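Okay, data.cif is below, mmCIF, C-alpha atoms:
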```cif
data_data
#
loop_
_atom_site.label_atom_id
_atom_site.label_comp_id
_atom_site.auth_asym_id
_atom_site.auth_seq_id
_atom_site.Cartn_x
_atom_site.Cartn_y
_atom_site.Cartn_z
CA MET F 1 8.53 106.31 -267.59
CA GLU F 2 10.64 103.88 -265.57
CA THR F 3 11.71 102.09 -268.75
CA ALA F 4 12.86 105.37 -270.30
CA ILE F 5 14.95 106.20 -267.23
CA ILE F 6 16.51 102.72 -267.19
CA LEU F 7 17.29 102.93 -270.92
CA ALA F 8 18.87 106.37 -270.52
CA ALA F 9 20.98 105.17 -267.59
CA LEU F 10 22.01 102.07 -269.54
CA ALA F 11 22.96 104.16 -272.58
CA PHE F 12 25.05 106.46 -270.37
CA CYS F 13 26.74 103.51 -268.68
CA LEU F 14 27.57 101.85 -272.01
CA LEU F 15 28.81 105.15 -273.45
CA CYS F 16 31.19 105.51 -270.50
CA LEU F 17 32.44 101.96 -271.06
CA VAL F 18 33.01 102.60 -274.77
CA MET F 19 34.92 105.81 -274.05
CA ILE F 20 37.18 104.13 -271.50
CA VAL F 21 37.79 101.07 -273.69
CA ARG F 22 38.57 103.30 -276.68
CA ARG F 23 41.13 105.20 -274.65
CA ASP F 24 42.68 102.04 -273.21
CA LEU F 25 42.90 100.17 -276.53
CA VAL F 26 45.92 102.27 -277.50
CA ARG F 27 47.55 101.32 -274.21
CA LEU F 28 46.81 97.62 -274.74
CA ARG F 29 47.89 97.40 -278.41
CA LEU F 30 51.26 99.12 -278.10
CA GLN F 31 54.22 98.03 -276.00
CA ARG F 32 54.41 99.74 -272.61
CA GLN F 33 57.30 102.06 -271.88
CA ARG F 34 58.35 103.04 -268.39
CA VAL F 35 59.86 106.38 -267.49
CA LEU F 36 60.90 108.14 -264.32
CA ALA F 37 59.15 111.50 -264.00
CA THR F 38 59.56 114.37 -261.56
CA VAL F 39 56.66 116.15 -259.87
CA THR F 40 57.05 119.81 -260.91
CA GLY F 41 53.85 121.25 -259.48
CA HIS F 42 50.16 120.67 -258.84
CA ARG F 43 47.13 121.76 -260.82
CA THR F 44 44.32 122.94 -258.57
CA ASN F 45 40.60 122.49 -259.08
CA ARG F 46 37.81 123.75 -256.89
CA LEU F 47 35.10 121.13 -256.40
CA GLU F 48 32.11 121.75 -254.14
CA GLY F 49 33.91 124.40 -252.14
CA SER F 50 37.10 122.44 -251.52
CA GLN F 51 40.37 122.52 -253.39
CA GLN F 52 41.59 119.40 -255.17
CA PHE F 53 45.11 118.86 -256.48
CA ALA F 54 46.54 116.86 -259.37
CA PRO F 55 50.31 116.39 -259.67
CA ILE F 56 52.08 117.62 -262.80
CA TYR F 57 54.80 115.25 -264.00
CA GLN F 58 57.73 116.19 -266.24
CA PHE F 59 59.98 113.67 -267.99
CA THR F 60 62.20 113.16 -271.01
CA ALA F 61 61.22 110.48 -273.52
CA GLU F 62 60.96 109.89 -277.25
CA GLY F 63 63.54 112.61 -277.90
CA GLY F 64 61.88 115.46 -276.02
CA GLU F 65 60.58 116.94 -272.77
CA HIS F 66 57.00 116.08 -271.83
CA GLU F 67 54.61 117.25 -269.15
CA VAL F 68 51.44 115.42 -268.13
CA VAL F 69 48.85 116.05 -265.43
CA ASP F 70 47.67 113.14 -263.29
CA GLU F 71 44.06 112.03 -263.82
CA VAL F 72 43.45 111.45 -260.12
CA LEU F 73 42.75 114.36 -257.78
CA SER F 74 43.54 114.44 -254.05
CA ASN F 75 42.85 116.77 -251.13
CA THR F 76 46.55 117.45 -250.56
CA CYS F 77 49.54 118.28 -252.74
CA GLN F 78 50.79 114.71 -252.91
CA PRO F 79 53.36 113.62 -253.92
CA PRO F 80 55.53 116.60 -252.97
CA ILE F 81 57.29 118.67 -255.64
CA GLY F 82 60.60 117.08 -256.61
CA THR F 83 59.42 113.52 -255.99
CA HIS F 84 60.37 110.97 -258.66
CA VAL F 85 57.47 108.79 -259.83
CA GLU F 86 57.33 105.95 -262.34
CA LEU F 87 54.94 106.49 -265.26
CA VAL F 88 53.95 104.11 -268.06
CA TYR F 89 52.87 104.99 -271.59
CA PRO F 90 52.29 103.23 -274.91
CA ALA F 91 55.35 103.26 -277.18
CA GLY F 92 55.42 106.41 -279.29
CA ARG F 93 52.73 108.16 -277.20
CA PRO F 94 54.44 109.80 -274.20
CA GLU F 95 51.57 112.31 -273.92
CA LEU F 96 49.49 109.36 -272.61
CA ALA F 97 51.84 108.70 -269.68
CA ARG F 98 50.18 107.98 -266.37
CA ARG F 99 50.91 106.26 -263.08
CA PRO F 100 50.23 102.52 -263.22
CA ARG F 101 46.97 101.97 -261.32
CA LEU F 102 45.76 98.58 -262.53
CA MET F 103 43.47 97.88 -259.58
CA MET F 104 41.76 101.27 -259.83
CA TRP F 105 40.98 100.83 -263.54
CA LEU F 106 39.81 97.23 -263.02
CA ALA F 107 37.46 98.54 -260.31
CA VAL F 108 36.11 101.21 -262.70
CA TYR F 109 35.45 98.60 -265.40
CA ALA F 110 33.87 96.22 -262.86
CA LEU F 111 31.60 98.97 -261.51
CA LEU F 112 30.39 100.00 -264.97
CA LEU F 113 29.82 96.39 -266.05
CA ALA F 114 27.96 95.60 -262.81
CA LEU F 115 25.78 98.70 -263.21
CA ALA F 116 24.99 97.74 -266.82
CA ALA F 117 24.10 94.19 -265.71
CA ILE F 118 21.80 95.48 -262.96
CA LEU F 119 20.06 97.87 -265.35
CA ILE F 120 19.58 95.11 -267.95
CA ALA F 121 18.25 92.74 -265.27
CA ARG F 122 15.78 95.39 -264.09
CA LEU F 123 14.73 96.12 -267.67
CA LEU F 124 14.07 92.41 -268.30
CA GLY F 125 12.11 92.11 -265.05
CA TRP F 126 14.62 89.81 -263.33
CA ILE F 127 14.89 92.30 -260.46
CA ASP F 128 11.68 93.41 -258.75
CA ALA F 129 11.10 97.13 -258.15
CA GLY F 130 10.33 96.41 -254.50
CA ASN F 131 6.91 98.09 -254.55
#
```
Structure encoded using structure tokens:
Amino acid sequence: METAIILAALAFCLLCLVMIVRRDLVRLRLQRQRVLATVTGHRTNRLEGSQQFAPIYQFTAEGGEHEVVDEVLSNTCQPPIGTHVELVYPAGRPELARRPRLMMWLAVYALLLALAAILIARLLGWIDAGN
């Protein structure tokens, strides 16, 4: 039973890695464009009884107006409406614009890789169950 749980967790972890890498490959293959966007509002989500906010950015690029919602939620409406924020996107794909958060994404990759390594080590018996 323990092996099945470890295999399921490992499969989930690897699936998450594949999905993130697949999404980021476009960003890595194409030249990065920078644009100055304006916060025009905040999308609200209710999570576990509390409200979370994601800024909505509007900018002009690639011959048209674009609007994107930030991927990161916060407890407050930050940044305030009207604030100018730098976004980056792969050339020709302004709908993929986001704030540059290199350290956050490196931490996500590191966490998923570390979790996969721990699960593999446990599966191979390199880590004792502590019983």
| task | Apply the PyMOL selection byres ((chain F and resi 127-129) around 12) to the structure shown and report the selected residues as a PyMOL selection string. | result | chain F and resi 2-3+6+117-126+130-131
| request: Determine, counting only C-alpha atoms, which protein, DNA and RNA residues have an atom within 12 Å of an atom of F:Leu112; residues of the same chain fewer than 2 positions away are not included. Present the result as a list in words. | output: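 In the requested form, the answer reads Ala9, Leu10, Ala11, Phe12, Cys13, Leu14, Leu15, Cys16, Leu17, Val18, Met19, Ile20, Val21, Trp105, Leu106, Ala107, Val108, Tyr109, Ala110, Ala114, Leu115, Ala116, Ala117, Ile118 and Leu119 of chain F.
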| message | Let me make sure I understand: among F:Arg99, F:Ala91, F:Gly64, F:Leu73, which one has the smallest atom-to-atom distance to F:Leu28 if we use all atoms listed in the file? | response | F:Ala91
| Out of F:Ile81, F:Asp70, F:Ala54, F:Thr76, which residue has the shortest atom-to-atom distance to F:Arg101 when counting all atoms listed in the file? |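 Going through F:Ile81, F:Asp70, F:Ala54, F:Thr76 one by one, the smallest distance to F:Arg101 is for F:Asp70.
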Grab all the atoms of stretch 29-43 of chain F that the file lists, wrap them in a box along x, y and z, add 4 Å per side, and give me centre plus edge lengths in Å (one decimal) as lines of an AutoDock Vina configuration file.
```
center_x = 54.0
center_y = 109.6
center_z = -268.6
size_x = 21.8
size_y = 32.4
size_z = 27.6
```
| query | Do you know which residues the PyMOL selection byres ((chain F and resi 39) around 9) returns on this file, as a list in words? | reply |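 In the shown coordinates, the PyMOL selection byres ((chain F and resi 39) around 9) covers Ala37, Thr38, Thr40, Gly41, His42, Pro55, Ile56, Tyr57, Gln58, Pro79, Pro80, Ile81, Gly82, Thr83, His84 and Val85 of chain F.
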Same residues, C-alpha atoms, saved as a tab-separated table (two decimals), in the coordinates of the input:
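Dumped everything to again-v8.tsv:
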```tsv
chain	number	residue	atom	x	y	z
F	37	ALA	CA	59.15	111.50	-264.00
F	38	THR	CA	59.56	114.37	-261.56
F	40	THR	CA	57.05	119.81	-260.91
F	41	GLY	CA	53.85	121.25	-259.48
F	42	HIS	CA	50.16	120.67	-258.84
F	55	PRO	CA	50.31	116.39	-259.67
F	56	ILE	CA	52.08	117.62	-262.80
F	57	TYR	CA	54.80	115.25	-264.00
F	58	GLN	CA	57.73	116.19	-266.24
F	79	PRO	CA	53.36	113.62	-253.92
F	80	PRO	CA	55.53	116.60	-252.97
F	81	ILE	CA	57.29	118.67	-255.64
F	82	GLY	CA	60.60	117.08	-256.61
F	83	THR	CA	59.42	113.52	-255.99
F	84	HIS	CA	60.37	110.97	-258.66
F	85	VAL	CA	57.47	108.79	-259.83
```
| task | Kindly give the distance, in Å, that separates atom CA of F:Arg46 and atom CA of F:Gln78, rounded to a single decimal. | result | 16.3 Å
